[in-house]
file entry-v6.cif (mmCIF, C-alpha atoms)
data_query
#
loop_
_atom_site.label_atom_id
_atom_site.label_comp_id
_atom_site.auth_asym_id
_atom_site.auth_seq_id
_atom_site.Cartn_x
_atom_site.Cartn_y
_atom_site.Cartn_z
CA MET A 1 112.27 28.39 26.44
CA ARG A 2 112.86 26.55 29.72
CA LYS A 3 115.71 28.92 30.63
CA VAL A 4 113.54 31.98 29.95
CA LYS A 5 110.69 30.56 32.02
CA ALA A 6 113.02 29.74 34.89
CA ARG A 7 114.41 33.27 34.76
CA VAL A 8 110.95 34.80 34.98
CA LEU A 9 110.06 32.60 37.94
CA THR A 10 113.27 33.57 39.72
CA LEU A 11 112.62 37.27 39.28
CA ALA A 12 109.01 36.93 40.35
CA GLY A 13 110.03 34.97 43.42
CA PHE A 14 112.50 37.66 44.43
CA ALA A 15 109.88 40.38 44.09
CA LEU A 16 107.34 38.41 46.11
CA SER A 17 109.88 37.81 48.85
CA LEU A 18 109.73 41.53 49.65
CA LEU A 19 106.21 41.19 50.92
CA VAL A 20 106.70 38.67 53.71
CA LEU A 21 108.02 38.44 57.22
CA PRO A 22 107.10 41.84 58.72
CA ILE A 23 109.26 43.21 61.52
CA GLY A 24 108.09 42.52 65.06
CA ALA A 25 105.94 45.08 66.81
CA SER A 26 108.43 45.43 69.66
CA ALA A 27 111.04 46.84 67.28
CA SER A 28 108.67 49.07 65.31
CA GLU A 29 107.07 50.54 68.45
CA LYS A 30 110.31 51.19 70.35
CA ASN A 31 111.20 54.78 71.24
CA TRP A 32 114.32 55.41 69.18
CA GLY A 33 114.99 58.91 70.50
CA LYS A 34 117.09 61.07 68.16
CA TYR A 35 117.10 58.32 65.52
CA GLU A 36 113.39 58.86 64.88
CA VAL A 37 111.92 62.18 63.73
CA ASP A 38 108.18 62.32 63.07
CA ASP A 39 107.54 59.40 60.69
CA ARG A 40 111.20 59.02 59.69
CA ARG A 41 113.62 56.49 61.14
CA SER A 42 117.33 56.13 60.61
CA GLY A 43 118.78 52.89 59.28
CA TYR A 44 120.30 52.61 62.76
CA THR A 45 116.88 51.54 64.05
CA TYR A 46 116.71 48.67 61.56
CA ALA A 47 120.20 47.36 62.35
CA ALA A 48 120.91 44.43 64.66
CA ALA A 49 121.77 45.27 68.27
CA GLU A 50 125.33 44.06 67.72
CA THR A 51 125.72 46.36 64.71
CA ARG A 52 124.37 49.35 66.64
CA ALA A 53 126.80 48.64 69.46
CA MET A 54 129.66 48.54 66.97
CA GLN A 55 128.69 51.97 65.64
CA ASP A 56 128.21 53.48 69.08
CA ASP A 57 131.69 52.53 70.30
CA ASP A 58 134.36 54.70 68.66
CA PHE A 59 136.97 52.03 69.33
CA SER A 60 134.85 49.22 67.85
CA ASN A 61 133.60 51.16 64.83
CA PRO A 62 135.62 49.65 61.96
CA ALA A 63 135.36 52.90 59.97
CA SER A 64 137.50 54.70 62.55
CA ILE A 65 140.56 53.80 60.47
CA TRP A 66 139.21 55.83 57.54
CA LEU A 67 138.19 58.64 59.89
CA ASP A 68 141.75 58.82 61.20
CA GLN A 69 143.07 58.76 57.64
CA GLY A 70 140.85 61.72 56.76
CA GLU A 71 142.15 63.66 59.74
CA THR A 72 145.72 63.02 58.59
CA LEU A 73 144.93 64.07 55.02
CA TRP A 74 143.30 67.28 56.28
CA THR A 75 146.70 68.71 57.19
CA LYS A 76 148.76 67.05 54.43
CA LYS A 77 150.04 69.48 51.82
CA GLU A 78 149.68 68.21 48.27
CA GLY A 79 149.71 69.55 44.72
CA ASP A 80 151.61 72.32 42.98
CA ALA A 81 150.11 74.97 45.27
CA GLY A 82 151.66 73.31 48.31
CA LYS A 83 148.42 73.54 50.26
CA ALA A 84 146.41 71.29 52.54
CA CYS A 85 142.71 71.47 53.34
CA ALA A 86 143.71 73.09 56.62
CA SER A 87 145.56 75.85 54.74
CA CYS A 88 142.21 77.37 53.75
CA HIS A 89 139.77 75.87 56.24
CA SER A 90 141.90 75.74 59.40
CA ASP A 91 140.14 73.86 62.24
CA ALA A 92 137.65 71.45 60.67
CA ALA A 93 135.63 71.22 63.87
CA LYS A 94 134.71 74.87 63.37
CA THR A 95 134.72 75.42 59.61
CA MET A 96 133.07 72.11 58.68
CA SER A 97 130.64 71.90 61.59
CA SER A 98 127.47 72.05 59.44
CA VAL A 99 128.79 70.98 56.05
CA GLY A 100 127.69 67.36 56.46
CA THR A 101 124.05 68.38 56.89
CA SER A 102 123.66 70.44 53.72
CA TYR A 103 125.02 68.50 50.73
CA PRO A 104 124.29 68.03 47.91
CA LYS A 105 123.55 71.64 46.98
CA PHE A 106 123.19 73.81 43.91
CA ASP A 107 126.50 74.83 42.37
CA PHE A 108 126.49 78.20 40.62
CA LYS A 109 129.55 77.31 38.57
CA THR A 110 128.13 74.22 36.88
CA LYS A 111 124.46 75.18 37.25
CA LYS A 112 123.63 71.77 38.70
CA LEU A 113 124.02 69.86 41.95
CA ILE A 114 127.37 69.12 43.55
CA ASN A 115 127.80 66.63 46.37
CA LEU A 116 130.40 66.58 49.13
CA GLU A 117 132.77 64.21 47.36
CA GLN A 118 132.80 66.45 44.30
CA ARG A 119 133.29 69.57 46.42
CA ILE A 120 136.31 68.00 48.08
CA ASN A 121 137.80 67.12 44.71
CA ARG A 122 137.20 70.63 43.37
CA CYS A 123 139.17 72.04 46.29
CA ARG A 124 141.97 69.66 45.38
CA THR A 125 142.11 70.48 41.68
CA GLU A 126 141.42 74.23 41.84
CA ASN A 127 142.94 75.35 45.14
CA MET A 128 145.61 72.76 45.85
CA LYS A 129 146.45 72.09 42.20
CA ALA A 130 146.42 68.41 43.06
CA LYS A 131 144.91 65.41 41.32
CA ALA A 132 141.29 64.56 42.05
CA TRP A 133 140.73 61.38 44.06
CA LYS A 134 138.78 58.56 42.46
CA TYR A 135 135.25 57.97 43.70
CA ASP A 136 135.22 55.46 46.58
CA SER A 137 139.01 55.53 46.81
CA PRO A 138 140.37 55.17 50.37
CA GLN A 139 141.50 58.81 50.30
CA LEU A 140 138.18 60.29 49.18
CA LEU A 141 136.24 58.04 51.53
CA GLY A 142 138.50 59.01 54.42
CA MET A 143 138.21 62.73 53.74
CA THR A 144 134.44 62.60 53.17
CA ILE A 145 133.96 60.65 56.41
CA TYR A 146 136.15 63.13 58.28
CA VAL A 147 134.33 66.19 56.95
CA ARG A 148 130.86 64.73 57.52
CA ASN A 149 131.86 63.58 60.98
CA GLN A 150 132.32 67.22 61.99
CA SER A 151 128.52 67.47 61.75
CA HIS A 152 127.96 64.30 63.80
CA GLY A 153 124.64 64.48 65.64
CA LYS A 154 123.39 67.54 63.78
CA PRO A 155 120.12 67.24 61.83
CA MET A 156 120.06 66.77 58.07
CA ASN A 157 118.94 70.02 56.46
CA VAL A 158 119.35 70.24 52.68
CA ALA A 159 117.91 73.06 50.60
CA ILE A 160 115.31 71.97 48.05
CA ASP A 161 113.93 75.36 47.04
CA GLY A 162 115.18 78.04 44.68
CA ASN A 163 117.81 76.82 42.22
CA ALA A 164 117.79 73.35 43.78
CA ALA A 165 114.05 72.81 43.19
CA PRO A 166 114.16 71.31 39.66
CA PHE A 167 116.92 68.89 40.67
CA PHE A 168 114.92 67.86 43.71
CA GLU A 169 111.97 67.05 41.45
CA LYS A 170 114.21 64.96 39.21
CA GLY A 171 115.48 63.06 42.24
CA LYS A 172 111.93 62.48 43.43
CA LYS A 173 110.96 61.14 40.02
CA PHE A 174 113.95 58.80 40.03
CA PHE A 175 113.00 57.50 43.49
CA ASN A 176 109.46 56.69 42.39
CA GLN A 177 110.20 55.37 38.90
CA ARG A 178 110.12 51.63 38.29
CA ARG A 179 113.16 50.29 36.48
CA GLY A 180 115.05 47.14 35.59
CA GLN A 181 113.89 43.60 34.91
CA LEU A 182 112.19 43.47 38.30
CA ASP A 183 110.23 46.64 37.43
CA MET A 184 110.79 48.08 40.89
CA SER A 185 111.47 51.55 42.25
CA CYS A 186 113.35 52.81 45.31
CA LYS A 187 109.92 53.50 46.81
CA ASN A 188 108.82 49.86 46.50
CA CYS A 189 111.48 48.77 48.99
CA HIS A 190 112.13 51.79 51.18
CA GLU A 191 108.62 53.17 51.62
CA ASP A 192 106.15 50.44 50.72
CA ASN A 193 108.10 47.65 52.43
CA ALA A 194 110.31 49.32 55.04
CA GLY A 195 110.35 46.94 58.00
CA ASN A 196 109.77 43.85 55.88
CA TYR A 197 112.35 41.30 54.89
CA ALA A 198 113.71 40.78 51.39
CA ARG A 199 114.86 37.22 51.93
CA ALA A 200 117.28 37.56 54.87
CA ASN A 201 117.66 41.34 54.65
CA LEU A 202 115.50 43.68 56.70
CA LEU A 203 114.53 46.63 54.50
CA SER A 204 115.09 50.07 56.01
CA GLU A 205 113.74 53.42 54.87
CA GLY A 206 116.89 53.95 52.81
CA GLN A 207 118.01 57.05 54.70
CA SER A 208 121.37 58.62 53.82
CA ASN A 209 122.32 60.30 57.10
CA GLY A 210 124.96 57.67 57.91
CA PHE A 211 126.95 57.79 54.67
CA PRO A 212 129.72 57.13 53.93
CA THR A 213 128.79 53.94 55.76
CA TYR A 214 130.84 50.94 56.79
CA ARG A 215 128.92 47.91 55.50
CA LEU A 216 129.72 44.55 57.00
CA LYS A 217 128.93 43.05 53.60
CA TRP A 218 131.63 45.20 51.99
CA GLN A 219 134.12 44.95 54.86
CA LYS A 220 134.91 48.62 54.21
CA PRO A 221 133.13 51.95 53.97
CA GLY A 222 131.33 52.95 50.80
CA SER A 223 129.69 56.04 49.37
CA LEU A 224 125.98 56.59 48.98
CA HIS A 225 126.41 56.37 45.22
CA ARG A 226 127.94 52.93 45.60
CA ARG A 227 124.78 51.94 47.45
CA PHE A 228 122.62 53.43 44.69
CA ARG A 229 124.53 51.39 42.13
CA GLY A 230 124.05 48.24 44.19
CA CYS A 231 120.31 48.83 44.46
CA ASN A 232 120.02 49.37 40.72
CA LYS A 233 121.87 46.12 40.09
CA ASN A 234 119.57 44.30 42.54
CA VAL A 235 116.53 45.18 40.44
CA ARG A 236 118.46 44.27 37.27
CA ALA A 237 118.73 47.87 36.07
CA THR A 238 121.78 49.42 34.45
CA PRO A 239 123.45 51.59 37.12
CA TYR A 240 124.71 55.11 36.55
CA LYS A 241 128.26 56.19 37.28
CA ALA A 242 129.10 57.39 40.78
CA GLY A 243 128.99 61.17 40.74
CA SER A 244 126.47 61.27 37.90
CA ASP A 245 123.81 63.97 37.71
CA GLU A 246 121.13 61.29 38.13
CA TYR A 247 122.59 60.07 41.41
CA ASN A 248 123.23 63.61 42.68
CA ASN A 249 119.57 64.42 42.09
CA LEU A 250 118.54 61.23 43.87
CA GLU A 251 120.95 62.01 46.71
CA LEU A 252 119.25 65.37 47.28
CA TYR A 253 115.80 63.81 47.41
CA VAL A 254 116.94 61.03 49.74
CA ALA A 255 118.68 63.56 52.01
CA TRP A 256 115.42 65.53 52.20
CA ARG A 257 113.52 62.37 53.09
CA GLY A 258 115.79 62.10 56.13
CA ARG A 259 115.43 65.74 57.17
CA GLY A 260 115.93 66.16 60.89
CA LEU A 261 117.68 62.82 61.35
CA PRO A 262 121.18 63.15 62.85
CA VAL A 263 124.33 62.85 60.78
CA GLU A 264 125.85 59.50 61.84
CA ALA A 265 128.84 59.23 59.51
CA PRO A 266 130.54 56.90 59.73
CA ALA A 267 127.58 54.62 60.43
CA VAL A 268 127.78 50.82 60.48
CA ARG A 269 125.24 48.74 58.61
CA ASN A 270 124.86 45.10 57.55
#
call {"tool": "encode", "arguments": {"input": "entry-v6.cif", "output": "structure tokens"}}
result
Amino acid sequence: MRKVKARVLTLAGFALSLLVLPIGASASEKNWGKYEVDDRRSGYTYAAAETRAMQDDDFSNPASIWLDQGETLWTKKEGDAGKACASCHSDAAKTMSSVGTSYPKFDFKTKKLINLEQRINRCRTENMKAKAWKYDSPQLLGMTIYVRNQSHGKPMNVAIDGNAAPFFEKGKKFFNQRRGQLDMSCKNCHEDNAGNYARANLLSEGQSNGFPTYRLKWQKPGSLHRRFRGCNKNVRATPYKAGSDEYNNLELYVAWRGRGLPVEAPAVRN
């Protein structure tokens, strides 16, 4: 009984900690330029000055290693077809220039959403006749960062109408649904308490425009779905697999929430 009571108190204390220590007015009222669109702010604006400086400097950005790896892989021929990404798509700066703004999107083949990581792997298995890369593997992270980086600075602009509409609604429902032992939703942190501290962590709006993101906590880049899984674990909910339909739906809704914000991949966060 004592252990159960202590557990309840711990969970309650964590939930209550979300409601204290609001961010200073100087930070919330600052003109963030391109990183703020209407009522939406990039996670960049919630990061420490030192972290922002790290992202802004291409030489200091620790994710540059993965970006370089992606560039190398772009022209590397693999698989039974003896093809590279460049074999079909040539100059990524031209052919991939808006790709990073538009995923996930409806896929007519599977009749559901497909995100960028899955699209890259389909090109590998179907066109290159090569093995798919594992989710959050160095290769898939590097290639996803490289492809998204071709859209760097362009505004997020995913389609949520037509065939994508029902998946958007599912993602919205997921975002607002309470779950786990803490009985909390994505909305509780990233809308209701954006700008407040959860213990030592400043809560952002949970925007996705910087993913794949290099997190100082991880000491490496990670996918948006890895972040989703981490959030689910934080509220003591069972996470879904990376690449799941549930997370693809959520990814679409979150991307829409950040509409107009610039693609920052690879961003740097805490």
call {"tool": "resolve_selection", "arguments": {"input": "entry-v6.cif", "expression": "the PyMOL selection byres ((chain A and resi 77-89) around 6)", "output": "ChimeraX atom specification"}}
result
/A:74-76,90,128-130
call {"tool": "atom_distance", "arguments": {"input": "entry-v6.cif", "atom1": "atom CA of A:Asn163", "atom2": "atom CA of A:Gln207"}}
result
23.4 Å
call {"tool": "resolve_selection", "arguments": {"input": "entry-v6.cif", "expression": "the PyMOL selection byres ((chain A and resi 143) around 9)", "output": "VMD selection string"}}
result
chain A and resid 66 to 67 69 to 74 117 120 138 to 142 144 to 148
call {"tool": "write_last_selection", "arguments": {"input": "entry-v6.cif", "atoms": "C-alpha atoms", "output": "PDB file, in the coordinates of the input"}}
result
ATOM      1  CA  TRP A  66     139.210  55.830  57.540  1.00  0.00           C
ATOM      2  CA  LEU A  67     138.190  58.640  59.890  1.00  0.00           C
ATOM      3  CA  GLN A  69     143.070  58.760  57.640  1.00  0.00           C
ATOM      4  CA  GLY A  70     140.850  61.720  56.760  1.00  0.00           C
ATOM      5  CA  GLU A  71     142.150  63.660  59.740  1.00  0.00           C
ATOM      6  CA  THR A  72     145.720  63.020  58.590  1.00  0.00           C
ATOM      7  CA  LEU A  73     144.930  64.070  55.020  1.00  0.00           C
ATOM      8  CA  TRP A  74     143.300  67.280  56.280  1.00  0.00           C
ATOM      9  CA  GLU A 117     132.770  64.210  47.360  1.00  0.00           C
ATOM     10  CA  ILE A 120     136.310  68.000  48.080  1.00  0.00           C
ATOM     11  CA  PRO A 138     140.370  55.170  50.370  1.00  0.00           C
ATOM     12  CA  GLN A 139     141.500  58.810  50.300  1.00  0.00           C
ATOM     13  CA  LEU A 140     138.180  60.290  49.180  1.00  0.00           C
ATOM     14  CA  LEU A 141     136.240  58.040  51.530  1.00  0.00           C
ATOM     15  CA  GLY A 142     138.500  59.010  54.420  1.00  0.00           C
ATOM     16  CA  THR A 144     134.440  62.600  53.170  1.00  0.00           C
ATOM     17  CA  ILE A 145     133.960  60.650  56.410  1.00  0.00           C
ATOM     18  CA  TYR A 146     136.150  63.130  58.280  1.00  0.00           C
ATOM     19  CA  VAL A 147     134.330  66.190  56.950  1.00  0.00           C
ATOM     20  CA  ARG A 148     130.860  64.730  57.520  1.00  0.00           C
TER      21      ARG A 148
END
call {"tool": "residues_around", "arguments": {"input": "entry-v6.cif", "residues": "A:Gln219", "least_positions_apart": "3", "cutoff": "10 Å", "atoms": "only C-alpha atoms", "output": "CSV table (one decimal) with C-alpha atoms, in the coordinates of the input"}}
result
chain,number,residue,atom,x,y,z
A,62,PRO,CA,135.6,49.6,62.0
A,63,ALA,CA,135.4,52.9,60.0
A,214,TYR,CA,130.8,50.9,56.8
A,215,ARG,CA,128.9,47.9,55.5
A,216,LEU,CA,129.7,44.6,57.0
A,222,GLY,CA,131.3,53.0,50.8
A,270,ASN,CA,124.9,45.1,57.6
call {"tool": "residues_around", "arguments": {"input": "entry-v6.cif", "residues": "A:Glu246", "least_positions_apart": "4", "cutoff": "12 Å", "atoms": "only C-alpha atoms", "output": "list of chain:residue names"}}
result
A:Lys112, A:Leu113, A:Ile114, A:Asn115, A:Phe167, A:Phe168, A:Glu169, A:Lys170, A:Gly171, A:Lys172, A:Lys173, A:Phe174, A:Phe175, A:His225, A:Phe228, A:Arg229, A:Pro239, A:Tyr240, A:Lys241, A:Ala242, A:Leu250, A:Glu251, A:Leu252, A:Tyr253
call {"tool": "closest_residue", "arguments": {"input": "entry-v6.cif", "among": "A:Asn232, A:Ser60, A:Gln118, A:Thr45", "to": "A:Ser244", "atoms": "only C-alpha atoms"}}
result
A:Gln118
call {"tool": "resolve_selection", "arguments": {"input": "entry-v6.cif", "expression": "the PyMOL selection byres ((chain A and resi 191) around 12)", "output": "list in words"}}
result
Leu18, Asp39, Arg40, Arg41, Phe175, Asn176, Ser185, Cys186, Lys187, Asn188, Cys189, His190, Asp192, Asn193, Ala194, Gly195, Asn196, Leu203, Ser204, Glu205, Gly206, Gln207, Val254 and Arg257 of chain A
call {"tool": "write_last_selection", "arguments": {"input": "entry-v6.cif", "atoms": "C-alpha atoms", "output": "PDB file, in the coordinates of the input"}}
result
ATOM      1  CA  LEU A  18     109.730  41.530  49.650  1.00  0.00           C
ATOM      2  CA  ASP A  39     107.540  59.400  60.690  1.00  0.00           C
ATOM      3  CA  ARG A  40     111.200  59.020  59.690  1.00  0.00           C
ATOM      4  CA  ARG A  41     113.620  56.490  61.140  1.00  0.00           C
ATOM      5  CA  PHE A 175     113.000  57.500  43.490  1.00  0.00           C
ATOM      6  CA  ASN A 176     109.460  56.690  42.390  1.00  0.00           C
ATOM      7  CA  SER A 185     111.470  51.550  42.250  1.00  0.00           C
ATOM      8  CA  CYS A 186     113.350  52.810  45.310  1.00  0.00           C
ATOM      9  CA  LYS A 187     109.920  53.500  46.810  1.00  0.00           C
ATOM     10  CA  ASN A 188     108.820  49.860  46.500  1.00  0.00           C
ATOM     11  CA  CYS A 189     111.480  48.770  48.990  1.00  0.00           C
ATOM     12  CA  HIS A 190     112.130  51.790  51.180  1.00  0.00           C
ATOM     13  CA  ASP A 192     106.150  50.440  50.720  1.00  0.00           C
ATOM     14  CA  ASN A 193     108.100  47.650  52.430  1.00  0.00           C
ATOM     15  CA  ALA A 194     110.310  49.320  55.040  1.00  0.00           C
ATOM     16  CA  GLY A 195     110.350  46.940  58.000  1.00  0.00           C
ATOM     17  CA  ASN A 196     109.770  43.850  55.880  1.00  0.00           C
ATOM     18  CA  LEU A 203     114.530  46.630  54.500  1.00  0.00           C
ATOM     19  CA  SER A 204     115.090  50.070  56.010  1.00  0.00           C
ATOM     20  CA  GLU A 205     113.740  53.420  54.870  1.00  0.00           C
ATOM     21  CA  GLY A 206     116.890  53.950  52.810  1.00  0.00           C
ATOM     22  CA  GLN A 207     118.010  57.050  54.700  1.00  0.00           C
ATOM     23  CA  VAL A 254     116.940  61.030  49.740  1.00  0.00           C
ATOM     24  CA  ARG A 257     113.520  62.370  53.090  1.00  0.00           C
TER      25      ARG A 257
END
call {"tool": "atom_distance", "arguments": {"input": "entry-v6.cif", "atom1": "atom CA of A:Ala159", "atom2": "atom CA of A:Ser208"}}
result
15.2 Å
call {"tool": "closest_residue", "arguments": {"input": "entry-v6.cif", "among": "A:Thr95, A:Asn121, A:Thr51, A:Asn149", "to": "A:Gly243", "atoms": "all atoms listed in the file"}}
result
A:Asn121
call {"tool": "atom_distance", "arguments": {"input": "entry-v6.cif", "atom1": "atom CA of A:Asp58", "atom2": "atom CA of A:Lys154"}}
result
17.6 Å
call {"tool": "closest_residue", "arguments": {"input": "entry-v6.cif", "among": "A:Ala132, A:Val158, A:Met54, A:Met184", "to": "A:Arg259", "atoms": "all atoms listed in the file"}}
result
A:Val158
call {"tool": "closest_residue", "arguments": {"input": "entry-v6.cif", "among": "A:Ala53, A:Ala164, A:Val37, A:Leu224", "to": "A:Ala265", "atoms": "all atoms listed in the file"}}
result
A:Leu224
call {"tool": "residues_around", "arguments": {"input": "entry-v6.cif", "residues": "A:Ser151", "least_positions_apart": "3", "cutoff": "8 Å", "atoms": "all atoms listed in the file", "output": "number ranges by chain"}}
result
A: 96-101, 147-148, 154, 263
call {"tool": "closest_residue", "arguments": {"input": "entry-v6.cif", "among": "A:Glu264, A:Ser42, A:Arg199, A:Asp136", "to": "A:Arg226", "atoms": "all atoms listed in the file"}}
result
A:Asp136
call {"tool": "closest_residue", "arguments": {"input": "entry-v6.cif", "among": "A:Leu182, A:Ala255, A:Val268, A:Leu116", "to": "A:Cys231", "atoms": "only C-alpha atoms"}}
result
A:Leu182
call {"tool": "axis_aligned_box", "arguments": {"input": "entry-v6.cif", "around": "stretch 213-230 of chain A", "padding_each_side": "6 Å", "output": "AutoDock Vina command-line options"}}
result
--center_x 128.8 --center_y 49.8 --center_z 49.6 --size_x 24.3 --size_y 25.5 --size_z 26.9
